[in-house]
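One file, target_38.cif, carrying mmCIF, C-alpha atoms and all ligand atoms:
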```cif
data_coords
#
loop_
_atom_site.label_atom_id
_atom_site.label_comp_id
_atom_site.auth_asym_id
_atom_site.auth_seq_id
_atom_site.Cartn_x
_atom_site.Cartn_y
_atom_site.Cartn_z
CA MET Y 33 127.31 209.96 73.68
CA MET Y 34 126.91 207.04 71.36
CA LYS Y 35 123.82 206.99 69.19
CA GLU Y 36 121.33 204.26 70.16
CA VAL Y 37 121.17 201.38 67.73
CA LYS Y 38 117.83 199.74 67.19
CA CYS Y 39 117.38 196.26 68.59
CA THR Y 40 116.10 194.94 65.27
CA ILE Y 41 119.34 195.95 63.59
CA ILE Y 42 121.38 194.25 66.29
CA GLN Y 43 119.32 191.10 66.04
CA ASP Y 44 119.70 191.07 62.27
CA VAL Y 45 123.46 190.92 62.55
CA LEU Y 46 123.58 188.56 65.54
CA PRO Y 47 123.97 185.37 63.46
CA LEU Y 48 126.99 186.90 61.71
CA TYR Y 49 128.28 188.22 65.00
CA ILE Y 50 128.07 184.74 66.54
CA ASP Y 51 129.93 183.28 63.57
CA GLU Y 52 132.50 186.04 63.97
CA VAL Y 53 132.27 187.22 60.41
CA VAL Y 54 131.43 190.87 61.15
CA SER Y 55 133.73 193.85 60.83
CA GLN Y 56 135.46 195.25 63.89
CA ASP Y 57 133.08 198.25 63.91
CA THR Y 58 130.01 196.06 63.84
CA LYS Y 59 131.48 193.86 66.52
CA GLU Y 60 132.03 196.83 68.80
CA MET Y 61 128.55 198.13 68.11
CA VAL Y 62 126.98 194.76 69.01
CA ASP Y 63 129.25 194.36 72.05
CA GLN Y 64 128.21 197.74 73.34
CA HIS Y 65 124.54 197.16 72.70
CA LEU Y 66 124.57 193.75 74.39
CA GLN Y 67 126.09 195.25 77.50
CA HIS Y 68 122.99 197.27 78.28
CA CYS Y 69 120.15 195.60 76.36
CA GLU Y 70 118.66 192.61 78.12
CA VAL Y 71 116.29 191.78 75.29
CA CYS Y 72 119.07 191.38 72.77
CA GLN Y 73 121.17 189.55 75.31
CA LYS Y 74 118.47 186.92 75.61
CA VAL Y 75 118.14 186.61 71.85
CA TYR Y 76 121.92 186.28 71.62
CA GLU Y 77 122.09 183.55 74.28
CA LYS Y 78 119.31 181.63 72.59
CA MET Y 79 120.91 181.83 69.16
CA LYS Y 80 124.26 180.80 70.51
CA ARG Y 81 122.85 177.69 72.15
CA LYS Y 82 120.80 176.49 69.23
CA LEU Y 83 122.06 173.15 68.05
CA TYR Y 84 121.68 172.25 64.45
CA ILE Y 85 120.09 168.85 64.11
CA PRO Y 86 119.96 167.49 60.59
CA ALA Y 87 116.61 166.28 59.39
CA GLU Y 88 117.65 163.91 56.61
CA ASN Y 89 120.91 162.03 56.86
CA LYS Y 90 124.57 162.49 57.52
CA ALA Y 91 125.35 163.52 53.94
CA SER Y 92 123.04 166.46 54.35
CA ILE Y 93 124.91 167.73 57.39
CA PHE Y 94 127.95 168.22 55.25
CA LYS Y 95 126.01 169.63 52.35
CA LYS Y 96 124.15 172.09 54.49
CA ILE Y 97 127.21 173.29 56.33
CA ASN Y 98 129.13 173.64 53.10
CA LYS Y 99 126.34 175.64 51.58
CA LYS Y 100 126.13 177.91 54.57
CA MET Y 101 129.83 178.55 54.46
CA ARG Y 102 129.84 179.36 50.75
CA LYS Y 103 127.07 181.83 51.29
CA LYS Y 104 129.09 183.77 53.76
CA LYS Y 105 132.21 183.69 51.63
CA VAL Y 106 134.28 182.97 54.65
CA ILE Y 107 137.95 182.67 54.02
CA ILE Y 108 138.68 179.41 55.68
CA SER Y 109 141.85 179.38 57.65
CA MET Y 110 143.40 176.20 58.94
CA VAL Y 111 142.04 177.04 62.35
CA SER Y 112 138.46 177.22 61.20
CA VAL Y 113 138.81 174.05 59.16
CA PHE Y 114 139.92 172.34 62.30
CA ALA Y 115 137.10 173.88 64.31
CA THR Y 116 134.58 172.83 61.66
CA ALA Y 117 135.90 169.28 61.76
CA ILE Y 118 135.39 169.20 65.50
CA ILE Y 119 131.88 170.62 65.21
CA LEU Y 120 131.00 168.15 62.48
CA PHE Y 121 132.34 165.29 64.51
CA GLY Y 122 130.40 166.52 67.52
CA ALA Y 123 127.18 166.77 65.55
CA PHE Y 124 127.80 163.38 63.97
CA ALA Y 125 128.51 161.76 67.32
CA TYR Y 126 125.48 163.42 68.84
CA VAL Y 127 123.17 162.26 66.08
CA PHE Y 128 124.45 158.71 65.78
CA TYR Y 129 125.92 157.71 69.12
CA TYR Y 130 124.38 159.70 71.93
CA GLU Y 131 121.91 157.22 73.39
CA ARG Y 132 118.98 158.16 75.54
CA VAL Y 133 116.51 155.92 77.27
CA ILE Y 134 113.18 155.65 75.51
CA PRO Y 135 110.45 156.22 78.12
CA TYR Y 136 108.15 153.25 78.52
CA SER Y 137 104.93 153.27 76.57
CA ASP Y 138 102.66 150.25 76.20
CA ASP Y 139 101.92 150.91 72.55
CA LEU Y 140 105.63 151.02 71.78
CA MET Y 141 106.83 147.84 73.42
CA ARG Y 142 105.35 144.69 74.88
CA ILE Y 143 106.48 141.46 76.51
CA GLU Y 144 104.59 138.45 75.21
CA SER Y 145 104.62 134.77 75.98
CA GLN Y 146 105.18 132.45 73.02
CA ASN Y 147 105.28 128.65 72.71
CA ASP Y 148 104.90 127.63 76.35
CA ASN Y 149 107.37 129.59 78.39
CA GLN Y 150 109.38 131.62 75.91
CA LEU Y 151 109.09 135.34 76.54
CA VAL Y 152 109.70 137.75 73.69
CA SER Y 153 110.02 141.49 73.63
CA ARG Y 154 108.23 143.20 70.78
CA TYR Y 155 108.96 146.73 69.69
CA PHE Y 156 106.57 148.68 67.49
CA GLY Y 157 108.54 151.84 66.82
CA GLU Y 158 110.26 152.59 63.56
CA SER Y 159 113.68 152.06 64.97
CA TYR Y 160 115.78 151.97 68.11
CA ALA Y 161 119.47 152.22 68.90
CA GLY Y 162 119.85 149.45 71.44
CA VAL Y 163 118.22 147.39 74.11
CA ASN Y 164 119.59 146.61 77.55
CA LEU Y 165 118.35 143.73 79.58
CA THR Y 166 119.27 141.53 82.49
CA HIS Y 167 119.05 137.87 83.25
CA PRO Y 168 116.37 137.11 85.83
CA MET Y 169 117.51 137.89 89.36
CA PRO Y 170 115.86 137.18 92.71
CA LEU Y 171 114.45 140.30 94.38
CA GLU Y 172 112.06 140.89 97.22
CA ILE Y 173 109.13 143.00 96.05
CA ASN Y 174 106.45 143.92 98.59
CA GLY Y 175 107.60 141.08 100.79
CA GLU Y 176 107.46 138.55 97.96
CA LYS Y 177 110.48 136.84 96.41
CA LYS Y 178 110.43 137.13 92.63
CA ASN Y 179 112.74 136.45 89.72
CA VAL Y 180 112.87 139.72 87.93
CA SER Y 181 114.30 140.80 84.57
CA PHE Y 182 114.89 144.43 83.69
CA ILE Y 183 114.79 145.90 80.23
CA TYR Y 184 115.04 149.24 78.48
CA TYR Y 185 115.37 150.48 74.93
CA THR Y 186 117.54 153.37 73.85
CA GLU Y 187 117.29 155.81 71.00
CA THR Y 188 119.60 158.15 69.16
CA ILE Y 189 118.43 160.97 66.96
CA ALA Y 190 119.20 158.77 63.98
CA ASP Y 191 117.43 155.73 65.44
CA SER Y 192 114.32 156.58 67.36
CA PRO Y 193 110.76 155.28 67.66
CA THR Y 194 109.47 157.87 65.25
CA ARG Y 195 112.26 158.36 62.80
CA MET Y 196 114.26 156.31 60.40
CA LEU Y 197 116.91 158.59 59.05
CA ILE Y 198 119.62 156.32 57.79
CA ASN Y 199 118.07 153.17 56.43
CA ASN Y 200 115.38 154.73 54.35
CA GLU Y 201 115.45 151.80 51.97
CA LYS Y 202 114.14 149.49 54.68
CA ASN Y 203 110.45 148.91 54.52
CA LEU Y 204 109.30 150.07 57.90
CA ASN Y 205 106.00 148.26 57.89
CA GLU Y 206 107.63 144.91 57.30
CA GLN Y 207 110.26 145.56 59.89
CA GLU Y 208 109.58 143.66 63.05
CA TYR Y 209 111.64 144.05 66.16
CA ILE Y 210 111.37 141.01 68.32
CA PHE Y 211 113.77 139.00 70.44
CA GLU Y 212 113.71 136.30 73.06
CA LEU Y 213 114.40 137.02 76.71
CA PRO Y 214 117.15 134.89 78.22
CA GLU Y 215 116.11 132.24 80.77
CA SER Y 216 112.44 133.04 80.16
CA GLU Y 217 111.23 130.00 82.08
CA LYS Y 218 112.64 131.44 85.31
CA ILE Y 219 111.16 134.92 84.97
CA ASP Y 220 108.28 135.93 87.25
CA ALA Y 221 108.14 139.58 86.25
CA VAL Y 222 109.67 141.97 83.73
CA TYR Y 223 110.27 145.58 84.66
CA TYR Y 224 111.06 148.51 82.40
CA ALA Y 225 113.70 150.73 83.97
CA ASP Y 226 116.78 152.69 83.15
CA PHE Y 227 119.63 150.95 84.96
CA ASP Y 228 123.37 151.31 84.98
CA VAL Y 229 125.17 148.10 85.87
CA GLU Y 230 128.38 149.96 86.63
CA LYS Y 231 126.63 152.11 89.23
CA ILE Y 232 125.11 149.02 90.80
CA THR Y 233 128.38 147.11 90.98
CA SER Y 234 130.05 150.15 92.52
CA GLU Y 235 127.14 150.39 94.99
CA LYS Y 236 126.03 153.85 93.90
CA ASP Y 237 122.73 152.24 92.96
CA SER Y 238 121.01 148.94 93.73
CA TRP Y 239 118.53 146.65 92.03
CA ASP Y 240 116.16 147.26 94.93
CA SER Y 241 116.04 150.94 94.14
CA VAL Y 242 115.88 150.29 90.39
CA VAL Y 243 112.77 148.19 90.90
CA LYS Y 244 111.15 151.00 92.88
CA ARG Y 245 111.37 153.41 89.97
CA ALA Y 246 110.61 150.76 87.35
CA VAL Y 247 107.40 150.04 85.46
CA LEU Y 248 106.02 146.52 85.72
CA ILE Y 249 105.38 145.45 82.13
CA TRP Y 250 104.86 141.72 82.42
CA GLU Y 251 104.00 139.33 85.22
CA LYS Y 252 103.46 135.57 85.36
ZN ZN Y 301 118.50 195.52 72.07
#
```

Please express what this file holds, its structure, as structure tokens.
Amino acid sequence: MMKEVKCTIIQDVLPLYIDEVVSQDTKEMVDQHLQHCEVCQKVYEKMKRKLYIPAENKASIFKKINKKMRKKKVIISMVSVFATAIILFGAFAYVFYYERVIPYSDDLMRIESQNDNQLVSRYFGESYAGVNLTHPMPLEINGEKKNVSFIYYTETIADSPTRMLINNEKNLNEQEYIFELPESEKIDAVYYADFDVEKITSEKDSWDSVVKRAVLIWEK
């Protein structure tokens, strides 16, 4: 019979176990424990899934990872250098390029009419990654024909309404995000909705169903 190892001990070594820097004996001990302990299994799954998201900027990702690696005195083989490069690239891509739709909020964005018929979109967040919008298109909404434009803003971790991680030198308060909507004079209504033009052209989605899940943010 194998002597029971305390859960606290297992959980202490889990980070090292996940990074595969434990001795063979420790590895076997953890393996065995995980097979019959559900509590530690859950802790293990959680730890494994945790994604490191840098709080400052991209330079700090490298610094932090380097520091962590020095601490563990890992002998870096070519394989792990390669793996690290992939992880770094993944984290980098995730932070800077993975765009998500910013949910609509009326204190974050607004459509306003300026100088006669020109419509502008104003954004009050600290930053955003991109904005997608359409030219006005005729749609039937509740039996009424309207020229509708759709719009949505996207964020990345680096560029989001509440964070400005890269361009710290920019004065946020003076920053104003505003742009003119194309063919403003034709627009009857502006809707905020996540839309995918590719899906619509391939008929997996339609503007009629986009408008149903959209938020009306401006109307003539
Ligand atoms: Zn346990």

For this session: Using CA of Ser181 in chain Y and CA of Phe128 in chain Y as the two end points, give the distance in Å to one decimal.
Result: 27.9 Å

For this session: Kindly provide, as number ranges by chain, the polymer residues lying within 9 Å of (116.5, 138.3, 73.8), counting all atoms listed in the file and using the coordinates exactly as they appear in the file.
Result: Y: 151-153, 165, 210-214

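Between CA of Val242 in chain Y and CA of Phe227 in chain Y the interatomic distance comes to 6.6 Å.
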
For this session: For range 132-146 of chain Y, list every protein, DNA or RNA residue within 6 Å, evaluated using all atoms listed in the file, and leave out those in the same chain fewer than 2 positions away; present the list as a PyMOL selection string.
Result: chain Y and resi 148+150-157+185-187

Exercise. For ligand ZN 301 (chain Y), which of Y:Lys74, Y:Ile118, Y:Pro47, Y:Ala246 is the closest residue, counting only C-alpha atoms and all ligand atoms?
Worked result: Y:Lys74

Please report as JSON lines every residue of chain Y lying within 6 Å of ligand ZN 301 (chain Y), along with the nearest atom pair and their distance in Å (one decimal), using all atoms listed in the file.
```
{"residue": "Y:Cys39", "atom": "CA", "partner": "Y:ZN301", "partner_atom": "ZN", "distance": 3.7}
{"residue": "Y:Cys69", "atom": "CA", "partner": "Y:ZN301", "partner_atom": "ZN", "distance": 4.6}
{"residue": "Y:Val71", "atom": "CA", "partner": "Y:ZN301", "partner_atom": "ZN", "distance": 5.4}
{"residue": "Y:Cys72", "atom": "CA", "partner": "Y:ZN301", "partner_atom": "ZN", "distance": 4.2}
```

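The gap separating CA of Thr233 in chain Y from CA of Tyr129 in chain Y is 24.4 Å, in Å to one decimal.
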
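For Ser192 in chain Y, the residues within 6 Å (counting only C-alpha atoms, excluding itself and residues fewer than 3 positions away along the chain) are Ser159, Tyr160, Glu187, Thr188 and Arg195 of chain Y.
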
Take the residues that were just selected and, keeping C-alpha atoms, output them as a PDB file, in the coordinates of the input.
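File result_26.pdb, as written:
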```pdb
ATOM      1  CA  SER Y 159     113.680 152.060  64.970  1.00  0.00           C
ATOM      2  CA  TYR Y 160     115.780 151.970  68.110  1.00  0.00           C
ATOM      3  CA  GLU Y 187     117.290 155.810  71.000  1.00  0.00           C
ATOM      4  CA  THR Y 188     119.600 158.150  69.160  1.00  0.00           C
ATOM      5  CA  ARG Y 195     112.260 158.360  62.800  1.00  0.00           C
TER       6      ARG Y 195
END
```

Exercise. Out of Y:Ser241, Y:Gln67, Y:Gln73, Y:Thr166, which residue has the shortest atom-to-atom distance to Glu215 in chain Y when counting all atoms listed in the file?
Worked result: Y:Thr166

Place N, CA and C atoms on range 150-185 of chain Y and deliver the coordinates as a PDB file, in the coordinates of the input.
```
ATOM      1  N   GLN Y 150     108.444 130.651  76.498  1.00  0.00           N
ATOM      2  CA  GLN Y 150     109.380 131.620  75.910  1.00  0.00           C
ATOM      3  C   GLN Y 150     108.798 133.032  75.912  1.00  0.00           C
ATOM      4  N   LEU Y 151     109.519 133.950  76.550  1.00  0.00           N
ATOM      5  CA  LEU Y 151     109.090 135.340  76.540  1.00  0.00           C
ATOM      6  C   LEU Y 151     109.819 136.078  75.418  1.00  0.00           C
ATOM      7  N   VAL Y 152     109.079 136.927  74.728  1.00  0.00           N
ATOM      8  CA  VAL Y 152     109.700 137.750  73.690  1.00  0.00           C
ATOM      9  C   VAL Y 152     109.381 139.210  73.961  1.00  0.00           C
ATOM     10  N   SER Y 153     110.283 140.062  73.535  1.00  0.00           N
ATOM     11  CA  SER Y 153     110.020 141.490  73.630  1.00  0.00           C
ATOM     12  C   SER Y 153     109.746 142.000  72.220  1.00  0.00           C
ATOM     13  N   ARG Y 154     108.637 142.651  72.070  1.00  0.00           N
ATOM     14  CA  ARG Y 154     108.230 143.200  70.780  1.00  0.00           C
ATOM     15  C   ARG Y 154     108.312 144.716  70.829  1.00  0.00           C
ATOM     16  N   TYR Y 155     108.793 145.280  69.755  1.00  0.00           N
ATOM     17  CA  TYR Y 155     108.960 146.730  69.690  1.00  0.00           C
ATOM     18  C   TYR Y 155     108.241 147.223  68.436  1.00  0.00           C
ATOM     19  N   PHE Y 156     107.405 148.247  68.604  1.00  0.00           N
ATOM     20  CA  PHE Y 156     106.570 148.680  67.490  1.00  0.00           C
ATOM     21  C   PHE Y 156     106.996 150.006  66.872  1.00  0.00           C
ATOM     22  N   GLY Y 157     108.068 150.577  67.385  1.00  0.00           N
ATOM     23  CA  GLY Y 157     108.540 151.840  66.820  1.00  0.00           C
ATOM     24  C   GLY Y 157     109.248 151.615  65.498  1.00  0.00           C
ATOM     25  N   GLU Y 158     109.587 152.703  64.841  1.00  0.00           N
ATOM     26  CA  GLU Y 158     110.260 152.590  63.560  1.00  0.00           C
ATOM     27  C   GLU Y 158     111.672 152.064  63.706  1.00  0.00           C
ATOM     28  N   SER Y 159     112.279 152.423  64.802  1.00  0.00           N
ATOM     29  CA  SER Y 159     113.680 152.060  64.970  1.00  0.00           C
ATOM     30  C   SER Y 159     114.088 152.285  66.419  1.00  0.00           C
ATOM     31  N   TYR Y 160     115.187 151.669  66.817  1.00  0.00           N
ATOM     32  CA  TYR Y 160     115.780 151.970  68.110  1.00  0.00           C
ATOM     33  C   TYR Y 160     117.283 151.752  68.027  1.00  0.00           C
ATOM     34  N   ALA Y 161     118.011 152.324  68.965  1.00  0.00           N
ATOM     35  CA  ALA Y 161     119.470 152.220  68.900  1.00  0.00           C
ATOM     36  C   ALA Y 161     119.975 150.962  69.582  1.00  0.00           C
ATOM     37  N   GLY Y 162     119.384 150.631  70.721  1.00  0.00           N
ATOM     38  CA  GLY Y 162     119.850 149.450  71.440  1.00  0.00           C
ATOM     39  C   GLY Y 162     118.855 149.036  72.492  1.00  0.00           C
ATOM     40  N   VAL Y 163     119.085 147.848  73.031  1.00  0.00           N
ATOM     41  CA  VAL Y 163     118.220 147.390  74.110  1.00  0.00           C
ATOM     42  C   VAL Y 163     119.127 146.810  75.188  1.00  0.00           C
ATOM     43  N   ASN Y 164     118.815 147.118  76.418  1.00  0.00           N
ATOM     44  CA  ASN Y 164     119.590 146.610  77.550  1.00  0.00           C
ATOM     45  C   ASN Y 164     118.690 145.735  78.379  1.00  0.00           C
ATOM     46  N   LEU Y 165     119.180 144.572  78.734  1.00  0.00           N
ATOM     47  CA  LEU Y 165     118.350 143.730  79.580  1.00  0.00           C
ATOM     48  C   LEU Y 165     119.194 142.867  80.498  1.00  0.00           C
ATOM     49  N   THR Y 166     118.547 142.352  81.515  1.00  0.00           N
ATOM     50  CA  THR Y 166     119.270 141.530  82.490  1.00  0.00           C
ATOM     51  C   THR Y 166     118.725 140.113  82.469  1.00  0.00           C
ATOM     52  N   HIS Y 167     119.536 139.204  82.945  1.00  0.00           N
ATOM     53  CA  HIS Y 167     119.050 137.870  83.250  1.00  0.00           C
ATOM     54  C   HIS Y 167     118.132 137.992  84.465  1.00  0.00           C
ATOM     55  N   PRO Y 168     117.229 137.010  84.645  1.00  0.00           N
ATOM     56  CA  PRO Y 168     116.370 137.110  85.830  1.00  0.00           C
ATOM     57  C   PRO Y 168     117.195 137.060  87.122  1.00  0.00           C
ATOM     58  N   MET Y 169     116.807 137.873  88.072  1.00  0.00           N
ATOM     59  CA  MET Y 169     117.510 137.890  89.360  1.00  0.00           C
ATOM     60  C   MET Y 169     116.489 137.889  90.497  1.00  0.00           C
ATOM     61  N   PRO Y 170     116.814 137.237  91.610  1.00  0.00           N
ATOM     62  CA  PRO Y 170     115.860 137.180  92.710  1.00  0.00           C
ATOM     63  C   PRO Y 170     115.822 138.507  93.463  1.00  0.00           C
ATOM     64  N   LEU Y 171     114.622 139.055  93.627  1.00  0.00           N
ATOM     65  CA  LEU Y 171     114.450 140.300  94.380  1.00  0.00           C
ATOM     66  C   LEU Y 171     113.214 140.165  95.262  1.00  0.00           C
ATOM     67  N   GLU Y 172     113.235 140.889  96.365  1.00  0.00           N
ATOM     68  CA  GLU Y 172     112.060 140.890  97.220  1.00  0.00           C
ATOM     69  C   GLU Y 172     111.235 142.123  96.906  1.00  0.00           C
ATOM     70  N   ILE Y 173     110.001 141.883  96.409  1.00  0.00           N
ATOM     71  CA  ILE Y 173     109.130 143.000  96.050  1.00  0.00           C
ATOM     72  C   ILE Y 173     107.848 142.898  96.867  1.00  0.00           C
ATOM     73  N   ASN Y 174     107.592 143.916  97.657  1.00  0.00           N
ATOM     74  CA  ASN Y 174     106.450 143.920  98.590  1.00  0.00           C
ATOM     75  C   ASN Y 174     106.394 142.641  99.426  1.00  0.00           C
ATOM     76  N   GLY Y 175     107.540 142.249  99.928  1.00  0.00           N
ATOM     77  CA  GLY Y 175     107.600 141.080 100.790  1.00  0.00           C
ATOM     78  C   GLY Y 175     107.579 139.751 100.054  1.00  0.00           C
ATOM     79  N   GLU Y 176     107.522 139.787  98.724  1.00  0.00           N
ATOM     80  CA  GLU Y 176     107.460 138.550  97.960  1.00  0.00           C
ATOM     81  C   GLU Y 176     108.735 138.359  97.166  1.00  0.00           C
ATOM     82  N   LYS Y 177     109.269 137.148  97.179  1.00  0.00           N
ATOM     83  CA  LYS Y 177     110.480 136.840  96.410  1.00  0.00           C
ATOM     84  C   LYS Y 177     110.100 136.575  94.953  1.00  0.00           C
ATOM     85  N   LYS Y 178     110.746 137.316  94.050  1.00  0.00           N
ATOM     86  CA  LYS Y 178     110.430 137.130  92.630  1.00  0.00           C
ATOM     87  C   LYS Y 178     111.695 137.122  91.797  1.00  0.00           C
ATOM     88  N   ASN Y 179     111.648 136.369  90.693  1.00  0.00           N
ATOM     89  CA  ASN Y 179     112.740 136.450  89.720  1.00  0.00           C
ATOM     90  C   ASN Y 179     112.388 137.513  88.693  1.00  0.00           C
ATOM     91  N   VAL Y 180     113.200 138.536  88.705  1.00  0.00           N
ATOM     92  CA  VAL Y 180     112.870 139.720  87.930  1.00  0.00           C
ATOM     93  C   VAL Y 180     113.896 139.961  86.830  1.00  0.00           C
ATOM     94  N   SER Y 181     113.413 140.328  85.641  1.00  0.00           N
ATOM     95  CA  SER Y 181     114.300 140.800  84.570  1.00  0.00           C
ATOM     96  C   SER Y 181     114.002 142.260  84.305  1.00  0.00           C
ATOM     97  N   PHE Y 182     115.058 143.012  84.038  1.00  0.00           N
ATOM     98  CA  PHE Y 182     114.890 144.430  83.690  1.00  0.00           C
ATOM     99  C   PHE Y 182     115.226 144.631  82.226  1.00  0.00           C
ATOM    100  N   ILE Y 183     114.544 145.609  81.644  1.00  0.00           N
ATOM    101  CA  ILE Y 183     114.790 145.900  80.230  1.00  0.00           C
ATOM    102  C   ILE Y 183     114.585 147.385  79.970  1.00  0.00           C
ATOM    103  N   TYR Y 184     115.356 147.920  79.043  1.00  0.00           N
ATOM    104  CA  TYR Y 184     115.040 149.240  78.480  1.00  0.00           C
ATOM    105  C   TYR Y 184     115.628 149.407  77.095  1.00  0.00           C
ATOM    106  N   TYR Y 185     114.926 150.180  76.298  1.00  0.00           N
ATOM    107  CA  TYR Y 185     115.370 150.480  74.930  1.00  0.00           C
ATOM    108  C   TYR Y 185     115.989 151.873  74.908  1.00  0.00           C
TER     109      TYR Y 185
END
```
